[in-house]
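Asks: I have a structure I would like to understand better, so I am pasting it below and will then ask my questions one at a time.
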Amino acid sequence: MTTQPRADGRTASRPLQIAGRTFGSRLLLGTGGFSRMEALGDAIRASETELVTVAMRRIEPSADGSLLDVIAAAGVDVLPNTAGCFTARDAVLTAQLAREALGTDWVKLEVIGDERTLLPDGPELLVAAEQLVDEGFVVLPYTSDDPVLARRLEDVGCAAVMPLGSPIGSGRGIANPANLTLIVEAAGVPVILDAGVGTASDAALAMELGCDAVLCASAISRATDPVAMAHAIRHAVLAGVLARDAGRIPRRTHARASSPLDGVAEFE
Amino acid sequence: MIYVNGEPLQAGEQPTIRDVLLELQIDPEAAGIAVAVDAEVARRGVWQTRTLADGARVEIVRAVQGG
């Protein structure tokens, strides 16, 4: 099965839709890395996100419910991830546990293939995605910037694809804009840039390249002022999608004057 | 002997999942937790009745901060 290229004309005025659900915000926020719960709550509000990711981990005896309380108080929904899983089996089980714990069948699917780079394991990811789709999950896979893998993930029924810009937490931005463009051009589901954003301009570029949304975690949570960065990236996402729809000028080798060439005064 | 989150636990004769949660001072009514037994999800509805065989491997998880 091949995917049809998406129709042109996605606009900022048309809200983001994933699996039939409409989002006013095109920014997803990861909750990892915030040193204080208060900062997380404030950053959620400053980002104006509607969806925040959480991870699933073994309960500690002293566990309290403050994380979910902070998220609920901010009025946003949780998107559990399968971070830390290295096999399709573990990722599927983690998604099932998240569904049981949090009452959502949405999952940001991560299957990591390498501890040092945290790059996705494509074959395991595809196996897990297919199984979770079969079990009725809304699957949003964290994937590499490989356009073929992105298409395969869409073909097995993923509700979106989440290619990386560069490795998780690296802050190196979009390492391969050409690949990201190929993914965007071929995708029939939303493309959410995930991982690699270091600052606002990276998020704006993702949107200018045609992504439908951006997920940020470390860029915001580990900024010197997380709340201010959440504010900045919210505006960057908006600016990027507006700029894309406005239609940028082509790049040129030489200058093209914007002032008239005729009628220049002569002083000799 | 059963194993909960990787740690051995003596929890009496054929404890239920609920017994184990209470033993660990985890409120079984609390929202946001899930349990797997021997790598399969044990849904909340069976916590009161499902007994754990000797050597059972129990994982109890909750949501934490994560990207």
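Simple scheme: letters A, B, ... for chains in structure tokens order, numbers from 1 for residues in each chain, numbers from 1 for ligands in the order shown.
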May I have the residues of chain A within 9 Å of chain B, counting only C-alpha atoms, written as a PyMOL selection string?

Replies: chain A and resi 29-34+52-61+63+65+67-68+80-81+83+90+93+96-103+168+195+215-218

Asks: Generate a file of the selected residues that holds N, CA and C atoms, formatted as a short mmCIF file (atom, residue, chain, number, x, y, z; two decimals), in the first residue's frame.

Replies:
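What follows is the written file part.cif:
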```
data_model
loop_
_atom_site.label_atom_id
_atom_site.label_comp_id
_atom_site.auth_asym_id
_atom_site.auth_seq_id
_atom_site.Cartn_x
_atom_site.Cartn_y
_atom_site.Cartn_z
N LEU A 29 4.09 19.17 24.90
CA LEU A 29 5.13 19.40 25.89
C LEU A 29 5.48 18.10 26.61
N GLY A 30 6.76 17.80 26.66
CA GLY A 30 7.22 16.69 27.50
C GLY A 30 7.40 17.18 28.92
N THR A 31 7.02 16.36 29.88
CA THR A 31 7.11 16.81 31.28
C THR A 31 8.45 16.47 31.92
N GLY A 32 9.32 15.78 31.19
CA GLY A 32 10.60 15.37 31.76
C GLY A 32 11.55 16.54 31.91
N GLY A 33 12.34 16.50 32.97
CA GLY A 33 13.43 17.45 33.12
C GLY A 33 13.12 18.67 33.95
N PHE A 34 11.86 18.88 34.30
CA PHE A 34 11.54 20.03 35.16
C PHE A 34 12.00 19.71 36.58
N VAL A 52 0.41 16.69 27.12
CA VAL A 52 1.75 16.58 27.70
C VAL A 52 2.10 15.11 27.89
N THR A 53 3.36 14.79 27.66
CA THR A 53 3.77 13.39 27.78
C THR A 53 4.21 13.08 29.21
N VAL A 54 4.02 11.82 29.56
CA VAL A 54 4.54 11.28 30.82
C VAL A 54 5.17 9.93 30.51
N ALA A 55 6.02 9.47 31.41
CA ALA A 55 6.62 8.14 31.29
C ALA A 55 6.00 7.23 32.34
N MET A 56 6.16 5.92 32.17
CA MET A 56 5.66 4.96 33.15
C MET A 56 6.87 4.32 33.84
N ARG A 57 6.87 4.35 35.17
CA ARG A 57 7.98 3.77 35.92
C ARG A 57 7.47 3.05 37.15
N ARG A 58 8.31 2.20 37.72
CA ARG A 58 7.98 1.51 38.95
C ARG A 58 7.61 2.51 40.04
N ILE A 59 6.57 2.16 40.78
CA ILE A 59 6.10 3.05 41.84
C ILE A 59 7.11 3.03 42.98
N GLU A 60 7.29 4.19 43.59
CA GLU A 60 8.14 4.29 44.78
C GLU A 60 7.22 4.28 46.00
N PRO A 61 7.69 3.71 47.12
CA PRO A 61 6.82 3.67 48.31
C PRO A 61 6.32 5.06 48.71
N ALA A 63 5.58 7.43 46.76
CA ALA A 63 4.97 8.11 45.62
C ALA A 63 3.74 8.91 46.03
N GLY A 65 0.68 11.69 44.21
CA GLY A 65 0.02 11.89 42.92
C GLY A 65 0.24 13.25 42.32
N LEU A 67 2.21 14.73 40.18
CA LEU A 67 2.40 14.97 38.75
C LEU A 67 1.05 15.02 38.03
N LEU A 68 0.25 14.00 38.24
CA LEU A 68 -1.05 13.96 37.56
C LEU A 68 -1.95 15.09 38.05
N PRO A 80 0.90 9.17 27.49
CA PRO A 80 1.97 8.34 28.03
C PRO A 80 2.94 7.91 26.94
N ASN A 81 4.20 7.79 27.31
CA ASN A 81 5.18 7.27 26.35
C ASN A 81 5.69 5.91 26.82
N ALA A 83 9.01 5.33 26.85
CA ALA A 83 10.44 5.60 26.99
C ALA A 83 11.10 4.55 27.87
N ASP A 90 8.32 -5.12 25.30
CA ASP A 90 8.28 -4.24 26.46
C ASP A 90 7.46 -2.98 26.17
N LEU A 93 3.73 -3.83 26.26
CA LEU A 93 3.27 -4.03 27.64
C LEU A 93 3.20 -2.70 28.39
N GLN A 96 0.15 -0.90 27.33
CA GLN A 96 -1.04 -1.51 27.95
C GLN A 96 -1.17 -1.08 29.42
N LEU A 97 -0.04 -1.01 30.12
CA LEU A 97 -0.06 -0.55 31.51
C LEU A 97 -0.48 0.91 31.60
N ALA A 98 0.02 1.71 30.66
CA ALA A 98 -0.34 3.13 30.65
C ALA A 98 -1.84 3.30 30.41
N ARG A 99 -2.37 2.49 29.52
CA ARG A 99 -3.82 2.57 29.24
C ARG A 99 -4.61 2.23 30.50
N GLU A 100 -4.14 1.22 31.20
CA GLU A 100 -4.80 0.80 32.44
C GLU A 100 -4.68 1.87 33.53
N ALA A 101 -3.49 2.46 33.64
CA ALA A 101 -3.25 3.42 34.72
C ALA A 101 -3.91 4.77 34.45
N LEU A 102 -3.90 5.19 33.19
CA LEU A 102 -4.27 6.57 32.89
C LEU A 102 -5.58 6.69 32.12
N GLY A 103 -6.12 5.56 31.70
CA GLY A 103 -7.41 5.61 31.02
C GLY A 103 -7.37 6.26 29.65
N ILE A 168 17.45 12.84 21.12
CA ILE A 168 16.72 13.31 22.30
C ILE A 168 17.65 14.10 23.21
N ALA A 195 11.97 15.65 19.37
CA ALA A 195 13.38 15.52 19.77
C ALA A 195 14.31 16.39 18.95
N LEU A 215 6.95 18.63 19.35
CA LEU A 215 7.01 18.24 20.75
C LEU A 215 8.33 18.70 21.33
N CYS A 216 8.27 19.40 22.44
CA CYS A 216 9.48 19.86 23.13
C CYS A 216 9.46 19.36 24.55
N ALA A 217 10.61 18.91 25.01
CA ALA A 217 10.75 18.58 26.42
C ALA A 217 11.94 19.34 26.97
N SER A 218 13.14 18.80 26.72
CA SER A 218 14.35 19.40 27.31
C SER A 218 14.52 20.87 26.93
#
```

Asks: Which of chain B end up as alpha helix (DSSP H) when DSSP is run on this backbone - answer as a VMD selection string?

Replies: chain B and resid 17 to 23

Asks: Would you mind exporting the chosen residues as a PDB file, in the first residue's frame, restricted to C-alpha atoms?

Replies:
```pdb
ATOM      1  CA  ILE B  17      -2.709  -8.392  44.113  1.00  0.00           C
ATOM      2  CA  ARG B  18      -4.677  -6.202  46.481  1.00  0.00           C
ATOM      3  CA  ASP B  19      -2.929  -7.836  49.469  1.00  0.00           C
ATOM      4  CA  VAL B  20       0.428  -6.996  47.966  1.00  0.00           C
ATOM      5  CA  LEU B  21      -0.526  -3.379  47.306  1.00  0.00           C
ATOM      6  CA  LEU B  22      -1.710  -2.988  50.887  1.00  0.00           C
ATOM      7  CA  GLU B  23       1.438  -4.694  52.200  1.00  0.00           C
TER       8      GLU B  23
END
```

Asks: Nearest to B:Gln10 among B:Asp54, B:Asp27, B:Asp38, B:Val46, with distances taken over only C-alpha atoms: which residue is it?

Replies: B:Asp54

Asks: Using only C-alpha atoms, pick whichever of B:Leu9, B:Gln14, B:Val37, B:Tyr3 has the shortest atom-to-atom distance to B:Ala53.

Replies: B:Gln14

Asks: Once DSSP has gone over the backbone, tell me which residues of stretch 47-174 of chain A are in strand (DSSP E or B), as a list in words.

Replies: Leu51, Val52, Thr53, Val54, Ala55, Met56, Arg57, Arg58, Asp77, Val78, Leu79, Pro80, Asn81, Trp106, Val107, Lys108, Leu109, Ile112, Pro120, Val138, Val139, Leu140, Pro141, Tyr142, Thr143, Val161, Met162 and Pro163 of chain A

Asks: Return the single residue from A:Val214, A:Thr253, A:Ile174, A:Val133 that is closest to A:Leu28, with distances computed using only C-alpha atoms.

Replies: A:Val214

Asks: To one decimal place in Å, what is the distance between atom CA of A:Gly41 and atom CA of A:Ala73?

Replies: 8.0 Å

Asks: Measuring between only C-alpha atoms, which one of A:Val76, A:Val189, A:Leu119, A:Leu164 shows the shortest distance to A:Gly24?

Replies: A:Val76

Asks: Give me, as a ChimeraX atom specification, all polymer residues having an atom no more than 9 Å from A:Pro120, counting only C-alpha atoms and skipping those fewer than 3 positions away in the same chain.

Replies: /A:86,110-114,117,124-125,142-144
